[in-house]
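Undergrad: Provided below: model-v3.pdb, containing PDB, C-alpha atoms, pLDDT in the B column.
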ATOM      1  CA  MET A 104      39.419  -8.542 -45.383  1.00 47.00           C
ATOM      2  CA  ASN A 105      39.569 -11.568 -43.126  1.00 48.00           C
ATOM      3  CA  GLU A 106      38.071 -11.193 -39.657  1.00 48.00           C
ATOM      4  CA  SER A 107      39.503 -12.899 -36.612  1.00 48.00           C
ATOM      5  CA  PRO A 108      37.561 -15.538 -34.648  1.00 45.00           C
ATOM      6  CA  ARG A 109      37.435 -13.029 -31.778  1.00 43.00           C
ATOM      7  CA  THR A 110      35.541 -10.566 -34.001  1.00 43.00           C
ATOM      8  CA  PHE A 111      33.043 -13.237 -34.990  1.00 39.00           C
ATOM      9  CA  ALA A 112      32.581 -14.187 -31.328  1.00 42.00           C
ATOM     10  CA  LEU A 113      31.936 -10.590 -30.365  1.00 40.00           C
ATOM     11  CA  ARG A 114      29.386 -10.210 -33.140  1.00 46.00           C
ATOM     12  CA  ASP A 115      27.670 -13.435 -32.159  1.00 46.00           C
ATOM     13  CA  GLY A 116      27.494 -12.210 -28.555  1.00 44.00           C
ATOM     14  CA  GLU A 117      25.989  -8.896 -29.620  1.00 45.00           C
ATOM     15  CA  ASN A 118      23.448 -10.638 -31.836  1.00 45.00           C
ATOM     16  CA  ASP A 119      22.485 -13.001 -29.036  1.00 45.00           C
ATOM     17  CA  GLY A 120      22.061 -10.051 -26.665  1.00 43.00           C
ATOM     18  CA  ASN A 121      19.931  -8.133 -29.165  1.00 45.00           C
ATOM     19  CA  THR A 122      17.810 -11.212 -29.859  1.00 42.00           C
ATOM     20  CA  GLN A 123      17.288 -11.796 -26.144  1.00 41.00           C
ATOM     21  CA  ALA A 124      16.271  -8.186 -25.622  1.00 41.00           C
ATOM     22  CA  LEU A 125      13.796  -8.350 -28.525  1.00 41.00           C
ATOM     23  CA  GLU A 126      12.335 -11.597 -27.212  1.00 40.00           C
ATOM     24  CA  GLN A 127      11.928 -10.110 -23.742  1.00 39.00           C
ATOM     25  CA  GLU A 128      10.237  -7.016 -25.179  1.00 43.00           C
ATOM     26  CA  ALA A 129       7.897  -9.151 -27.287  1.00 40.00           C
ATOM     27  CA  PHE A 130       7.057 -11.252 -24.218  1.00 36.00           C
ATOM     28  CA  VAL A 131       6.163  -8.165 -22.193  1.00 40.00           C
ATOM     29  CA  ASP A 132       4.087  -6.784 -25.058  1.00 44.00           C
ATOM     30  CA  GLY A 133       2.292 -10.098 -25.333  1.00 41.00           C
ATOM     31  CA  LEU A 134       1.473 -10.106 -21.653  1.00 39.00           C
ATOM     32  CA  SER A 135       0.050  -6.594 -21.884  1.00 43.00           C
ATOM     33  CA  LYS A 136      -2.142  -7.607 -24.840  1.00 42.00           C
ATOM     34  CA  PHE A 137      -3.548 -10.710 -23.207  1.00 38.00           C
ATOM     35  CA  ARG A 138      -3.825  -9.257 -19.687  1.00 47.00           C
ATOM     36  CA  PRO A 139      -7.514  -9.359 -18.744  1.00 47.00           C
ATOM     37  CA  LYS A 140      -9.150  -5.951 -18.592  1.00 53.00           C
ATOM     38  CA  PHE A 141     -12.181  -5.923 -16.328  1.00 56.00           C
ATOM     39  CA  LEU A 142     -12.578  -2.148 -16.561  1.00 59.00           C
ATOM     40  CA  SER A 143     -11.757   0.499 -19.100  1.00 62.00           C
ATOM     41  CA  GLN A 144      -8.524   2.459 -18.782  1.00 66.00           C
ATOM     42  CA  GLU A 145     -10.486   5.582 -17.909  1.00 69.00           C
ATOM     43  CA  MET A 146     -12.403   3.802 -15.142  1.00 66.00           C
ATOM     44  CA  GLU A 147      -9.210   2.318 -13.701  1.00 65.00           C
ATOM     45  CA  TYR A 148      -7.606   5.773 -13.744  1.00 65.00           C
ATOM     46  CA  THR A 149     -10.581   7.295 -11.920  1.00 69.00           C
ATOM     47  CA  LEU A 150     -10.715   4.541  -9.298  1.00 67.00           C
ATOM     48  CA  ASN A 151      -6.976   4.810  -8.736  1.00 66.00           C
ATOM     49  CA  LYS A 152      -7.312   8.572  -8.145  1.00 69.00           C
ATOM     50  CA  MET A 153     -10.154   7.908  -5.702  1.00 69.00           C
ATOM     51  CA  SER A 154      -8.406   5.081  -3.837  1.00 70.00           C
ATOM     52  CA  LYS A 155      -6.704   7.237  -1.202  1.00 71.00           C
ATOM     53  CA  TRP A 156      -9.967   9.041  -0.452  1.00 73.00           C
ATOM     54  CA  LEU A 157     -11.900   5.775  -0.243  1.00 75.00           C
ATOM     55  CA  VAL A 158      -9.379   4.229   2.136  1.00 72.00           C
ATOM     56  CA  ALA A 159      -9.284   7.367   4.301  1.00 72.00           C
ATOM     57  CA  ALA A 160     -13.089   7.490   4.374  1.00 75.00           C
ATOM     58  CA  LEU A 161     -13.284   3.791   5.295  1.00 72.00           C
ATOM     59  CA  PHE A 162     -10.778   4.197   8.100  1.00 69.00           C
ATOM     60  CA  GLY A 163     -12.463   7.360   9.379  1.00 73.00           C
ATOM     61  CA  GLY A 164     -15.844   5.650   9.304  1.00 75.00           C
ATOM     62  CA  LEU A 165     -14.521   2.711  11.310  1.00 71.00           C
ATOM     63  CA  ILE A 166     -13.038   5.045  13.916  1.00 73.00           C
ATOM     64  CA  LEU A 167     -16.364   6.858  14.251  1.00 76.00           C
ATOM     65  CA  TRP A 168     -18.252   3.543  14.340  1.00 74.00           C
ATOM     66  CA  ARG A 169     -16.082   2.099  17.113  1.00 69.00           C
ATOM     67  CA  HIS A 170     -15.388   5.465  18.837  1.00 73.00           C
ATOM     68  CA  ASP A 171     -13.076   3.855  21.385  1.00 80.00           C
ATOM     69  CA  ALA A 172      -9.434   4.005  22.390  1.00 83.00           C
ATOM     70  CA  GLU A 173      -8.464   1.052  20.193  1.00 83.00           C
ATOM     71  CA  ALA A 174      -9.818   2.838  17.124  1.00 82.00           C
ATOM     72  CA  LEU A 175      -7.705   5.886  17.991  1.00 84.00           C
ATOM     73  CA  TRP A 176      -4.729   3.590  18.518  1.00 88.00           C
ATOM     74  CA  PHE A 177      -5.152   2.160  15.027  1.00 86.00           C
ATOM     75  CA  GLY A 178      -5.630   5.651  13.605  1.00 83.00           C
ATOM     76  CA  ALA A 179      -2.240   6.576  15.016  1.00 86.00           C
ATOM     77  CA  GLY A 180      -0.823   3.329  13.649  1.00 88.00           C
ATOM     78  CA  SER A 181      -2.035   4.150  10.153  1.00 84.00           C
ATOM     79  CA  VAL A 182      -0.176   7.471  10.253  1.00 85.00           C
ATOM     80  CA  LEU A 183       3.002   5.807  11.526  1.00 90.00           C
ATOM     81  CA  ASN A 184       2.638   3.152   8.836  1.00 90.00           C
ATOM     82  CA  ALA A 185       2.513   5.888   6.192  1.00 85.00           C
ATOM     83  CA  LEU A 186       5.599   7.562   7.668  1.00 88.00           C
ATOM     84  CA  LEU A 187       7.391   4.193   7.630  1.00 90.00           C
ATOM     85  CA  SER A 188       6.627   3.896   3.923  1.00 87.00           C
ATOM     86  CA  VAL A 189       8.111   7.340   3.233  1.00 86.00           C
ATOM     87  CA  TRP A 190      11.267   6.409   5.150  1.00 91.00           C
ATOM     88  CA  LEU A 191      11.630   3.063   3.354  1.00 90.00           C
ATOM     89  CA  LYS A 192      11.270   4.751  -0.028  1.00 87.00           C
ATOM     90  CA  ARG A 193      14.160   7.062   0.782  1.00 88.00           C
ATOM     91  CA  VAL A 194      16.324   4.211   2.068  1.00 88.00           C
ATOM     92  CA  LEU A 195      15.638   1.748  -0.768  1.00 85.00           C
ATOM     93  CA  ASN A 196      15.430   4.473  -3.441  1.00 81.00           C
ATOM     94  CA  GLN A 197      14.126   2.155  -6.168  1.00 81.00           C
ATOM     95  CA  GLU A 198      12.832   3.785  -9.331  1.00 80.00           C
ATOM     96  CA  ARG A 199       9.253   3.501 -10.512  1.00 79.00           C
ATOM     97  CA  PRO A 200       8.523   1.720 -13.815  1.00 77.00           C
ATOM     98  CA  THR A 201       7.750   5.067 -15.493  1.00 75.00           C
ATOM     99  CA  THR A 202       8.453   8.740 -14.893  1.00 71.00           C
ATOM    100  CA  LEU A 203       4.821   9.624 -14.134  1.00 69.00           C
ATOM    101  CA  LYS A 204       5.952  10.359 -10.575  1.00 73.00           C
ATOM    102  CA  SER A 205       9.434  11.394  -9.531  1.00 72.00           C
ATOM    103  CA  ASP A 206       9.677   9.922  -6.024  1.00 75.00           C
ATOM    104  CA  PRO A 207      10.994   6.386  -5.397  1.00 79.00           C
ATOM    105  CA  GLY A 208       8.576   3.485  -5.772  1.00 77.00           C
ATOM    106  CA  MET A 209       9.676   0.798  -3.272  1.00 85.00           C
ATOM    107  CA  PRO A 210       7.499   0.061  -1.402  1.00 87.00           C
ATOM    108  CA  SER A 211       4.117   1.189  -2.735  1.00 86.00           C
ATOM    109  CA  SER A 212       2.742   3.543  -0.072  1.00 84.00           C
ATOM    110  CA  HIS A 213      -0.785   3.054  -1.420  1.00 84.00           C
ATOM    111  CA  ALA A 214      -0.593  -0.729  -1.065  1.00 87.00           C
ATOM    112  CA  GLN A 215       1.007  -0.398   2.364  1.00 89.00           C
ATOM    113  CA  SER A 216      -1.752   1.924   3.630  1.00 86.00           C
ATOM    114  CA  ILE A 217      -4.511  -0.103   1.984  1.00 87.00           C
ATOM    115  CA  PHE A 218      -3.426  -3.385   3.546  1.00 91.00           C
ATOM    116  CA  PHE A 219      -2.900  -1.807   6.945  1.00 91.00           C
ATOM    117  CA  THR A 220      -6.560  -0.761   6.739  1.00 86.00           C
ATOM    118  CA  VAL A 221      -7.633  -4.138   5.332  1.00 88.00           C
ATOM    119  CA  PHE A 222      -6.214  -6.030   8.287  1.00 90.00           C
ATOM    120  CA  PHE A 223      -7.570  -3.471  10.744  1.00 85.00           C
ATOM    121  CA  VAL A 224     -11.055  -4.123   9.336  1.00 84.00           C
ATOM    122  CA  ILE A 225     -10.567  -7.902   9.424  1.00 89.00           C
ATOM    123  CA  LEU A 226      -9.184  -7.980  12.966  1.00 88.00           C
ATOM    124  CA  SER A 227     -11.814  -5.529  14.241  1.00 82.00           C
ATOM    125  CA  SER A 228     -14.645  -7.537  12.690  1.00 84.00           C
ATOM    126  CA  ILE A 229     -13.443 -10.798  14.229  1.00 89.00           C
ATOM    127  CA  GLU A 230     -12.857  -9.129  17.601  1.00 84.00           C
ATOM    128  CA  LEU A 231     -16.334  -7.563  17.753  1.00 81.00           C
ATOM    129  CA  LEU A 232     -18.430 -10.241  16.030  1.00 86.00           C
ATOM    130  CA  GLY A 233     -16.363 -13.394  16.428  1.00 87.00           C
ATOM    131  CA  LEU A 234     -15.101 -15.774  13.760  1.00 87.00           C
ATOM    132  CA  ASN A 235     -18.190 -16.913  11.845  1.00 90.00           C
ATOM    133  CA  GLY A 236     -19.552 -17.100   8.331  1.00 87.00           C
ATOM    134  CA  PHE A 237     -20.438 -13.423   8.243  1.00 90.00           C
ATOM    135  CA  THR A 238     -17.011 -12.164   9.302  1.00 88.00           C
ATOM    136  CA  ILE A 239     -15.315 -14.610   6.908  1.00 91.00           C
ATOM    137  CA  VAL A 240     -17.332 -13.197   3.997  1.00 92.00           C
ATOM    138  CA  ILE A 241     -16.627  -9.609   5.116  1.00 89.00           C
ATOM    139  CA  SER A 242     -12.922 -10.379   5.442  1.00 90.00           C
ATOM    140  CA  ALA A 243     -12.798 -11.944   1.974  1.00 93.00           C
ATOM    141  CA  LEU A 244     -14.583  -8.963   0.419  1.00 92.00           C
ATOM    142  CA  VAL A 245     -12.306  -6.459   2.151  1.00 89.00           C
ATOM    143  CA  LEU A 246      -9.233  -8.440   1.096  1.00 91.00           C
ATOM    144  CA  ALA A 247     -10.466  -8.491  -2.513  1.00 90.00           C
ATOM    145  CA  PHE A 248     -11.194  -4.764  -2.318  1.00 85.00           C
ATOM    146  CA  GLY A 249      -7.661  -4.040  -1.073  1.00 86.00           C
ATOM    147  CA  SER A 250      -6.047  -6.312  -3.647  1.00 88.00           C
ATOM    148  CA  PHE A 251      -7.920  -4.676  -6.523  1.00 85.00           C
ATOM    149  CA  PHE A 252      -7.069  -1.120  -5.529  1.00 82.00           C
ATOM    150  CA  SER A 253      -3.441  -2.124  -5.003  1.00 84.00           C
ATOM    151  CA  TYR A 254      -3.389  -3.757  -8.449  1.00 84.00           C
ATOM    152  CA  LEU A 255      -4.477  -0.435  -9.961  1.00 81.00           C
ATOM    153  CA  ARG A 256      -1.058   0.961  -9.042  1.00 81.00           C
ATOM    154  CA  VAL A 257       0.465  -1.595 -11.416  1.00 79.00           C
ATOM    155  CA  SER A 258      -2.089  -1.172 -14.208  1.00 76.00           C
ATOM    156  CA  GLN A 259      -1.543   2.594 -14.134  1.00 74.00           C
ATOM    157  CA  GLN A 260       2.249   1.987 -14.364  1.00 75.00           C
ATOM    158  CA  LEU A 261       2.899   3.817 -11.102  1.00 76.00           C
ATOM    159  CA  HIS A 262       4.558   0.800  -9.469  1.00 82.00           C
ATOM    160  CA  THR A 263       5.989  -2.568 -10.367  1.00 85.00           C
ATOM    161  CA  MET A 264       4.292  -5.704  -9.083  1.00 86.00           C
ATOM    162  CA  ASN A 265       7.146  -6.282  -6.630  1.00 89.00           C
ATOM    163  CA  GLN A 266       6.762  -2.773  -5.194  1.00 87.00           C
ATOM    164  CA  VAL A 267       3.048  -3.361  -4.617  1.00 89.00           C
ATOM    165  CA  ILE A 268       3.576  -6.813  -3.096  1.00 91.00           C
ATOM    166  CA  VAL A 269       6.244  -5.516  -0.718  1.00 91.00           C
ATOM    167  CA  GLY A 270       4.042  -2.573   0.284  1.00 90.00           C
ATOM    168  CA  ALA A 271       1.070  -4.864   0.913  1.00 92.00           C
ATOM    169  CA  ALA A 272       3.206  -7.251   2.986  1.00 94.00           C
ATOM    170  CA  ILE A 273       4.676  -4.462   5.125  1.00 93.00           C
ATOM    171  CA  GLY A 274       1.267  -2.879   5.706  1.00 92.00           C
ATOM    172  CA  SER A 275      -0.260  -6.224   6.686  1.00 93.00           C
ATOM    173  CA  ILE A 276       2.556  -7.111   9.080  1.00 94.00           C
ATOM    174  CA  PHE A 277       2.563  -3.635  10.629  1.00 94.00           C
ATOM    175  CA  SER A 278      -1.205  -3.810  11.181  1.00 93.00           C
ATOM    176  CA  ILE A 279      -1.008  -7.229  12.844  1.00 93.00           C
ATOM    177  CA  LEU A 280       1.914  -6.152  15.068  1.00 94.00           C
ATOM    178  CA  TRP A 281       0.116  -2.909  15.985  1.00 93.00           C
ATOM    179  CA  TYR A 282      -2.967  -4.935  16.922  1.00 91.00           C
ATOM    180  CA  TRP A 283      -0.867  -7.360  18.990  1.00 91.00           C
ATOM    181  CA  LEU A 284       0.944  -4.479  20.714  1.00 91.00           C
ATOM    182  CA  TRP A 285      -2.382  -2.984  21.793  1.00 90.00           C
ATOM    183  CA  ASN A 286      -3.894  -6.208  23.109  1.00 87.00           C
ATOM    184  CA  GLY A 287      -0.674  -7.607  24.536  1.00 86.00           C
ATOM    185  CA  PHE A 288       0.737  -4.560  26.329  1.00 87.00           C
ATOM    186  CA  VAL A 289      -0.926  -1.180  25.843  1.00 88.00           C
ATOM    187  CA  LEU A 290      -4.501  -2.133  26.779  1.00 88.00           C
ATOM    188  CA  ASP A 291      -3.642  -3.233  30.333  1.00 88.00           C
ATOM    189  CA  ALA A 292      -1.548  -0.110  30.898  1.00 88.00           C
ATOM    190  CA  PHE A 293      -4.290   2.037  29.350  1.00 88.00           C
ATOM    191  CA  VAL A 294      -6.876   0.687  31.775  1.00 88.00           C
ATOM    192  CA  SER A 295      -4.689   0.924  34.876  1.00 89.00           C
ATOM    193  CA  SER A 296      -2.864   4.226  34.330  1.00 88.00           C
ATOM    194  CA  LEU A 297      -4.324   7.686  33.794  1.00 91.00           C
ATOM    195  CA  TRP A 298      -1.058   8.940  32.293  1.00 92.00           C
ATOM    196  CA  VAL A 299      -1.038   6.163  29.704  1.00 88.00           C
ATOM    197  CA  ARG A 300      -4.609   7.052  28.746  1.00 88.00           C
ATOM    198  CA  ILE A 301      -3.657  10.711  28.342  1.00 90.00           C
ATOM    199  CA  ILE A 302      -0.564   9.893  26.272  1.00 90.00           C
ATOM    200  CA  VAL A 303      -2.365   7.413  24.010  1.00 87.00           C
ATOM    201  CA  VAL A 304      -5.418   9.608  23.430  1.00 86.00           C
ATOM    202  CA  LEU A 305      -3.561  12.889  22.906  1.00 89.00           C
ATOM    203  CA  GLY A 306      -0.828  11.262  20.826  1.00 87.00           C
ATOM    204  CA  SER A 307      -3.330   9.433  18.621  1.00 84.00           C
ATOM    205  CA  VAL A 308      -5.536  12.491  18.164  1.00 82.00           C
ATOM    206  CA  GLY A 309      -2.488  14.606  17.323  1.00 84.00           C
ATOM    207  CA  LEU A 310      -1.266  12.160  14.694  1.00 82.00           C
ATOM    208  CA  CYS A 311      -4.739  11.811  13.155  1.00 77.00           C
ATOM    209  CA  LEU A 312      -5.274  15.571  13.009  1.00 80.00           C
ATOM    210  CA  GLY A 313      -1.835  15.997  11.472  1.00 79.00           C
ATOM    211  CA  PHE A 314      -2.776  13.470   8.798  1.00 73.00           C
ATOM    212  CA  VAL A 315      -6.050  15.283   8.085  1.00 71.00           C
ATOM    213  CA  VAL A 316      -4.170  18.572   7.631  1.00 72.00           C
ATOM    214  CA  PHE A 317      -1.666  16.844   5.338  1.00 70.00           C
ATOM    215  CA  ALA A 318      -4.461  15.279   3.263  1.00 64.00           C
ATOM    216  CA  ILE A 319      -6.291  18.571   2.857  1.00 66.00           C
ATOM    217  CA  ARG A 320      -3.117  20.441   1.985  1.00 64.00           C
ATOM    218  CA  TYR A 321      -1.508  18.003  -0.455  1.00 57.00           C
ATOM    219  CA  TRP A 322      -4.188  15.626  -1.714  1.00 54.00           C
ATOM    220  CA  LEU A 323      -6.502  18.432  -2.760  1.00 52.00           C
ATOM    221  CA  GLN A 324      -3.525  20.171  -4.354  1.00 53.00           C
ATOM    222  CA  ASP A 325      -2.790  17.034  -6.398  1.00 52.00           C
ATOM    223  CA  GLU A 326      -6.362  16.990  -7.655  1.00 49.00           C
TER     224      GLU A 326
END
Take the structure I supplied and represent it as structure tokens, if you would.
TA:
Amino acid sequence: MNESPRTFALRDGENDGNTQALEQEAFVDGLSKFRPKFLSQEMEYTLNKMSKWLVAALFGGLILWRHDAEALWFGAGSVLNALLSVWLKRVLNQERPTTLKSDPGMPSSHAQSIFFTVFFVILSSIELLGLNGFTIVISALVLAFGSFFSYLRVSQQLHTMNQVIVGAAIGSIFSILWYWLWNGFVLDAFVSSLWVRIIVVLGSVGLCLGFVVFAIRYWLQDE
């Protein structure tokens, strides 16, 4: 039976679509094969599971090391940054690359929290020690540390690269703005007003304690 030109055109379109899909799949598979693996899959999995504890320990250590109002201010900022990530996930509602976790993936909350902490460390180091060779090296190491642990979210197929990049960008910007807000406005009011000191200290302590309770309740449960 003779087939119309329209039928041939439809078949050609389907074949082209199937070929394109196969080529795209082969390209992705090729990337995964040639992607450099610095660590074993098991080691990457373990480090990824530890990342939230390492970041929390780093931030807690910095707060104890500085033990001042600015450290408490940044502790409160880290909690608000995490809440912002939860809100953005619900608003954007973008799926993760796999079904390993059921909640939305945009932005990556891990990357957002990690880079908030990264820029807190960088800004604190420069503020306390000045901009010199030592603080440049420390900043580069901390930035590499944050980038690696954020990359683990992609290698473990928990996020796409875009979700991690967006999370890292939001966390970095939020950290810089939080730092600027403290030095540009809050610090002067904190020094001159007893009520501002009470609000900042009690509010920051409350947020930090709330985060500790959340971590103990849910993070340990996930383990």
Undergrad: Take atom CA of A:Phe218 and atom CA of A:Gly309 and report the distance between them in Å, one decimal.
TA: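 Straight-line distance from atom CA of A:Phe218 to atom CA of A:Gly309 works out to 22.7 Å.
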Undergrad: Suppose you want the space between atom CA of A:Phe222 and atom CA of A:Asn196; what is it in Å?
TA: 26.8 Å
Undergrad: For A:Ala174, work out the shell of residues within 12 Å, counting all atoms listed in the file and skipping chain neighbours fewer than 3 positions away, then give it as a PyMOL selection string.
TA: chain A and resi 162-171+177-181+220+223-224+226-227+281-282+285+303-304+307-308+311
Undergrad: Counting all atoms listed in the file, what is within 12 Å of A:Val299, bar same-chain residues fewer than 5 positions away, as a JSON list (two decimals) with C-alpha atoms, in the coordinates of the input?
TA:
[["chain", "number", "residue", "atom", "x", "y", "z"],
["A", 172, "ALA", "CA", -9.43, 4.00, 22.39],
["A", 288, "PHE", "CA", 0.74, -4.56, 26.33],
["A", 289, "VAL", "CA", -0.93, -1.18, 25.84],
["A", 290, "LEU", "CA", -4.50, -2.13, 26.78],
["A", 291, "ASP", "CA", -3.64, -3.23, 30.33],
["A", 292, "ALA", "CA", -1.55, -0.11, 30.90],
["A", 293, "PHE", "CA", -4.29, 2.04, 29.35],
["A", 294, "VAL", "CA", -6.88, 0.69, 31.78],
["A", 304, "VAL", "CA", -5.42, 9.61, 23.43],
["A", 305, "LEU", "CA", -3.56, 12.89, 22.91],
["A", 306, "GLY", "CA", -0.83, 11.26, 20.83],
["A", 307, "SER", "CA", -3.33, 9.43, 18.62]]
Undergrad: For A:Leu195, list every protein, DNA or RNA residue within 10 Å, evaluated using only C-alpha atoms, and leave out those in the same chain fewer than 6 positions away; present the list as a list in words.
TA: Pro207, Gly208, Met209 and Pro210 of chain A
Undergrad: Suppose we keep C-alpha atoms; can you now write the selection as a compact mmCIF listing (two decimals), in the coordinates of the input?
TA:
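As a result, out.txt now contains:
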# COMPACT_ATOMS: atom_id res chain seq x y z
CA PRO A 207 10.99 6.39 -5.40
CA GLY A 208 8.58 3.48 -5.77
CA MET A 209 9.68 0.80 -3.27
CA PRO A 210 7.50 0.06 -1.40
Undergrad: Would you mind reading off the distance between atom CA of A:Ser253 and atom CA of A:Asn235, one decimal, in Å?
TA: 26.8 Å
